[in-house]
Structure formats: C-alpha cells, structure tokens
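Below is one structure, written out as structure tokens; comments come after it.
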Amino acid sequence: FYIGLTIAAAFAVALLAFHYLDGQDVHCEEFYVLLLVATLGSAVLVASSHFASFFLGLEILSVSLYALNAYLKTRARSLEAGIKYLILAASSAAFLLFGMALIYSQLGTMEFSTIQVRLASGANFFQPLLLVGTALVITGFGFKLALVPFHLWTPDIYEGAPAPVSAFVATVSKGAMFALLLRYFYHSGLCRLGAIPLVFTIIAIASMAAGNLLALLQDNVKRLLAYSSIAHMGYLLVAFEAGGSRAAEAITFYLTAYFITMLGAFGVVAVMSTPGHEADRLQDYRGLFWRSPGLAIVFTLMLLSLAVIPLTAGFVGKFYVLASGASSALWSLVFVLVVTSVFGLFYYLRVVVTLFAEAPRVDERSPAPSLWQVSGYVVVVLSILLIGLGVYPTFFLNAIEKAVASLV
C-alpha cells in the first residue's frame, strides 16, 4: 500500500516538474532519472525489516535528493538548499548508523522482529549501549521527518528547492520514513519500553507547538508549508503513541490525505512559477481568484484541508488521529493537538483571504497561468481526490485496514 502511494506521488511530482522545468536553463532528462532513483530509495525504506536495507534505502533516497534540491544550479537558493541538505543529512546518517551499530553490539541482530524476540528473552533494555543506540536511531528518524528539535533544515530546503522537489520531500520522503518508523518500533517492541513513549511525547508536543507558532510569522508560502509539515508530523506522532490497529489505520489515512494536500499546494506553487520567478511570496497570490479562479479554488481547497475544515480529507484524517489519541487516554497530546490546530487556522485562512483580496495593479501582478495544462490537470485531480476522501472515506478505509494488518 505504501509503495503504491509512493509511486503515485512520485508520478504526480514528475507531471508537475514537466511544466515547471519547461524553459529552465537546465537539462531536464536527468531530473527524472534522479526522481526515479529517489522513489526507489523510498520504496526500499517502506519495505525494510532489517537495518541493512533500512540504511541502503535511506542513502539511495538522500543522495538523489542532494542533487534534486540543487537542480536549478543557476539559482543561489537552490544550491544553498542542496549543500545544507547534504551536510545535515550526512550528519544524521552518521548518528543513525552509529545507533544501529550500538543496538547490534547489544542484541546481536539487525532484524526488527528478532530485536523483539531478544528483548522478550531477557535482554536488559536499560543497558547503556541499547539506550544510547535507540536515542541515536530516533535522532536519524527525527531529522528525516523534520521533527523538533531536528527541524531547522526544513524551511530553508523547502524554500530553496524547486517546487516539485519540495513537494517530493514533503510527501514521499517523509511518508516512506514514517512507514518505516511504524514497522521498526512496532515490530521491534521498542515503542513501549523504558522512556521511549515519553521521548516521543515530548517530540510530538514540541513539533506541534513550534511548527504552528513559527508558521504564523511567515510571508513566504513555501516556508509556511514547511513549518506546517513539521506540525503535521507532530500530529501523526499522537496516533503513533496510541498504538494498536486503529492507530495504524489513522496514520495511514492521515498520510494519504497529507500526500494529496501537500502535492496540491506545492503543485499550485509550481503552476504559478516561471523560469525567472519562483512564486513563493504571499504577495504573488494576492487577488489570484480574480485572475485565475480555478487555480485559486484549488489552492483554497488544499489550505482548507490543512486547516481541518469538514468535507475534506484532512478533516477525516485529523478526526481519526484525534480519536486514536483519545481512545488511549493520551489527554496531554490530544489537548496540544486541538490547541495548536486552532493556531493553524489563522495562517491557513490568512492565505485564503489573500487569494480573494483585491487584485493588484497590472504591473504588480505575478504570473497566473491557465489551469488547463499538464500541471493544472494534476492539481484538479488531487482536488477531486481531496473532496472524495472527505465525503466518502469508507471504501478507502477498508483498503487501509487490510494494508496495515501486518503492522500490529
């Protein structure tokens, strides 16, 4: 299921890039090769049940993203994004690899399911090597998922990378890593041992609070979506902490809704951008409804889904996450989720108000291309899926229930 979701999202990114790269001063062919390799790495991550395949998939994905982030080599911000991601991803991979080595030295296995067997057979979880190794592995996960306090790279990378690449990082990269997080901690049995639940609770609260509060200050749409994605990963940790089959279903549905919404939002940015101008400033979208009504309506739907407005997939996903947290009596996490979601309403609706505001003078207008092109068709299809899952999610939920049965 997750591999299918990854491939579908990568296909959408490829279609968005087709329009976005047209006219750019770069060779377009290599972009799609790198995109395919990054998708392969994501699929390996999703399917991993062993530390070796885990690290192999992570590096296949990361090395491709180094080049994709810096693909527009004539733009200083794109090169900056590539260099920052290279340095920080390499550092996080070092933490992760050292953590794996410590766990292996303690338990003598690199297979997730065998870790649980060794722990159940009497291995002491509180031995120093296992504790430090688990902390280092969580650090690696935290970086890839942009969880607080490992999130500092996120706004700069999202802003500097080409819009389709930002969409890929926000969806496929994070979705694959979260799928692996589920398998690793559920199959290894580490999610309920020692201080691990407390650590994830602190990270979840910090991510929800910091992501939403920092997004309030943004006038750059890509940076706003970056901080928003940090908050959404925090929301997912609420269901992760709850555990059980219902939590796994809630996470999978929420991730699907998140994929659709983020692809649609960054897709609008890609459609609005031109070879000489990245449409990432809030001012670029002022009065968009009066220049391109279809594009403005699509962007509004995506923002409303992120803001958890009913009849959207985001609302259904957030409801299931909230319900899974409440069913496990995680009241502190549920409280923070509800409060921070209210803050989120403000900055999402601020963008919506800008879309319908008075149009600027002709000489101040940012480009507003027609919706009826390849990228436009993609965001229209995503909008239909967004409403479809919000109005009638039952069929999809049944498919998810079968898909996640092996996780718990």
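Just remember, in the structure tokens the first chain shown is A, the second B, etc., residues are 1-based per chain, and ligands are 1-based in the order shown.
Shell of Leu263 (chain A) at 7 Å, with only C-alpha atoms counted and residues fewer than 4 places along the chain excluded, is A:Ala167, A:Phe259, A:Gly267.
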Could you give me, as a short mmCIF file (atom, residue, chain, number, x, y, z; two decimals) with N, CA and C atoms, in the first residue's frame, the residues within 9 Å of region 33-43 of chain A, counting only C-alpha atoms and dropping anything in the same chain fewer than 2 positions from it?
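Listing of result08.cif after writing:
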```cif
data_model
loop_
_atom_site.label_atom_id
_atom_site.label_comp_id
_atom_site.auth_asym_id
_atom_site.auth_seq_id
_atom_site.Cartn_x
_atom_site.Cartn_y
_atom_site.Cartn_z
N TYR A 2 1.86 1.27 0.88
CA TYR A 2 2.72 2.45 0.98
C TYR A 2 3.60 2.62 -0.27
N ILE A 3 4.07 1.51 -0.84
CA ILE A 3 4.84 1.60 -2.08
C ILE A 3 3.97 2.16 -3.20
N GLY A 4 2.72 1.72 -3.26
CA GLY A 4 1.80 2.26 -4.27
C GLY A 4 1.57 3.76 -4.07
N THR A 6 3.65 5.81 -2.65
CA THR A 6 4.90 6.47 -3.01
C THR A 6 5.03 6.65 -4.52
N ILE A 7 4.73 5.60 -5.26
CA ILE A 7 4.85 5.66 -6.72
C ILE A 7 3.84 6.66 -7.30
N ALA A 10 5.12 10.15 -6.63
CA ALA A 10 6.26 10.46 -7.49
C ALA A 10 5.80 10.74 -8.92
N VAL A 13 4.55 14.23 -8.99
CA VAL A 13 5.68 15.16 -8.97
C VAL A 13 6.32 15.26 -10.36
N ALA A 14 6.44 14.13 -11.05
CA ALA A 14 7.02 14.14 -12.40
C ALA A 14 6.18 14.99 -13.35
N GLU A 29 16.31 15.95 -18.56
CA GLU A 29 16.24 14.49 -18.55
C GLU A 29 16.77 13.90 -17.25
N GLU A 30 17.88 14.45 -16.76
CA GLU A 30 18.48 13.89 -15.55
C GLU A 30 17.57 14.03 -14.33
N PHE A 31 16.71 15.04 -14.36
CA PHE A 31 15.79 15.25 -13.23
C PHE A 31 14.94 14.01 -13.01
N LEU A 45 12.92 1.80 1.68
CA LEU A 45 12.66 2.18 3.06
C LEU A 45 11.34 1.58 3.55
N VAL A 46 10.31 1.73 2.75
CA VAL A 46 8.99 1.24 3.13
C VAL A 46 9.00 -0.26 3.38
N ALA A 47 9.75 -0.98 2.56
CA ALA A 47 9.75 -2.45 2.64
C ALA A 47 10.77 -3.00 3.64
N SER A 48 11.56 -2.14 4.26
CA SER A 48 12.68 -2.60 5.10
C SER A 48 12.20 -3.27 6.39
N LEU A 56 20.44 1.30 3.43
CA LEU A 56 20.61 1.33 1.98
C LEU A 56 19.53 2.19 1.32
N GLY A 57 18.26 1.96 1.72
CA GLY A 57 17.17 2.77 1.17
C GLY A 57 17.29 4.23 1.52
N LEU A 58 17.72 4.51 2.75
CA LEU A 58 17.88 5.89 3.19
C LEU A 58 18.92 6.62 2.35
N GLU A 59 20.05 5.96 2.07
CA GLU A 59 21.11 6.60 1.30
C GLU A 59 20.75 6.76 -0.17
N ILE A 60 20.05 5.78 -0.73
CA ILE A 60 19.58 5.92 -2.12
C ILE A 60 18.67 7.14 -2.24
N LEU A 61 17.78 7.30 -1.29
CA LEU A 61 16.88 8.46 -1.28
C LEU A 61 17.65 9.75 -1.06
N SER A 62 18.51 9.78 -0.06
CA SER A 62 19.18 11.02 0.33
C SER A 62 20.12 11.53 -0.76
N VAL A 63 20.94 10.65 -1.34
CA VAL A 63 21.91 11.08 -2.34
C VAL A 63 21.18 11.66 -3.56
N SER A 64 20.04 11.09 -3.93
CA SER A 64 19.26 11.64 -5.04
C SER A 64 18.73 13.03 -4.69
N LEU A 65 18.31 13.19 -3.43
CA LEU A 65 17.75 14.49 -3.02
C LEU A 65 18.82 15.57 -2.95
N ALA A 67 21.07 16.12 -5.15
CA ALA A 67 21.11 16.69 -6.50
C ALA A 67 19.79 17.36 -6.87
N LEU A 68 18.68 16.77 -6.47
CA LEU A 68 17.37 17.35 -6.82
C LEU A 68 17.18 18.71 -6.17
N VAL A 165 10.31 19.47 -6.25
CA VAL A 165 11.20 18.75 -5.33
C VAL A 165 10.74 18.97 -3.88
N PHE A 168 8.06 16.64 -3.27
CA PHE A 168 8.55 15.27 -3.09
C PHE A 168 9.11 15.08 -1.68
N VAL A 172 6.73 12.14 -0.27
CA VAL A 172 7.31 10.80 -0.45
C VAL A 172 8.41 10.52 0.57
N SER A 173 9.33 11.45 0.74
CA SER A 173 10.44 11.25 1.67
C SER A 173 9.94 11.04 3.10
N GLY A 175 6.76 10.34 4.05
CA GLY A 175 5.84 9.21 4.14
C GLY A 175 6.57 7.89 4.24
N ALA A 176 7.62 7.73 3.43
CA ALA A 176 8.41 6.49 3.49
C ALA A 176 9.06 6.32 4.85
N MET A 177 9.57 7.41 5.38
CA MET A 177 10.25 7.34 6.68
C MET A 177 9.25 7.03 7.80
#
```
Nearest-residue call for Val268 (chain A), choices A:Gln24, A:Thr300, A:Gln218, A:Ser113, using only C-alpha atoms: A:Thr300
Top pick for closest residue to Ala250 (chain A), considering A:Leu107, A:Ile297, A:Ala323, A:Ala215 and counting only C-alpha atoms: A:Ala323
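As for CA of Glu278 (chain A) and CA of Thr154 (chain A), they are spaced 17.7 Å apart.
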Spatial neighbours of Ala329 (chain A), max dist 12 Å, only C-alpha atoms, sep filter under 3 positions, as a PyMOL selection string: chain A and resi 238-239+241-243+322-326+332-335
Go ahead and save the picked residues with C-alpha atoms, as a JSON list (two decimals), in the first residue's frame.
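Saved result, out_2.json, follows:
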```
[["chain", "number", "residue", "atom", "x", "y", "z"],
["A", 238, "VAL", "CA", -0.13, 11.32, 18.56],
["A", 239, "ALA", "CA", -1.59, 8.29, 16.77],
["A", 241, "GLU", "CA", 1.92, 6.93, 20.57],
["A", 242, "ALA", "CA", -1.59, 5.48, 20.85],
["A", 243, "GLY", "CA", -0.52, 2.25, 19.14],
["A", 322, "LEU", "CA", -7.69, 12.59, 17.50],
["A", 323, "ALA", "CA", -9.91, 9.56, 18.14],
["A", 324, "SER", "CA", -6.94, 7.20, 18.39],
["A", 325, "GLY", "CA", -5.25, 9.53, 20.89],
["A", 326, "ALA", "CA", -8.42, 9.82, 22.96],
["A", 332, "SER", "CA", -1.97, 15.88, 27.12],
["A", 333, "LEU", "CA", -1.23, 15.13, 23.46],
["A", 334, "VAL", "CA", -4.89, 15.49, 22.49],
["A", 335, "PHE", "CA", -5.07, 18.86, 24.24]]
```
Point-to-point distance in Å for CA of Ala204 (chain A) and CA of Leu102 (chain A): 25.3 Å
Residues near region 136-143 of chain A, cut-off 7 Å, only C-alpha atoms, skip fewer than 2 positions along chain, as a ChimeraX atom specification: /A:92-93,95-96,99-100,132-134,145-147,150-151
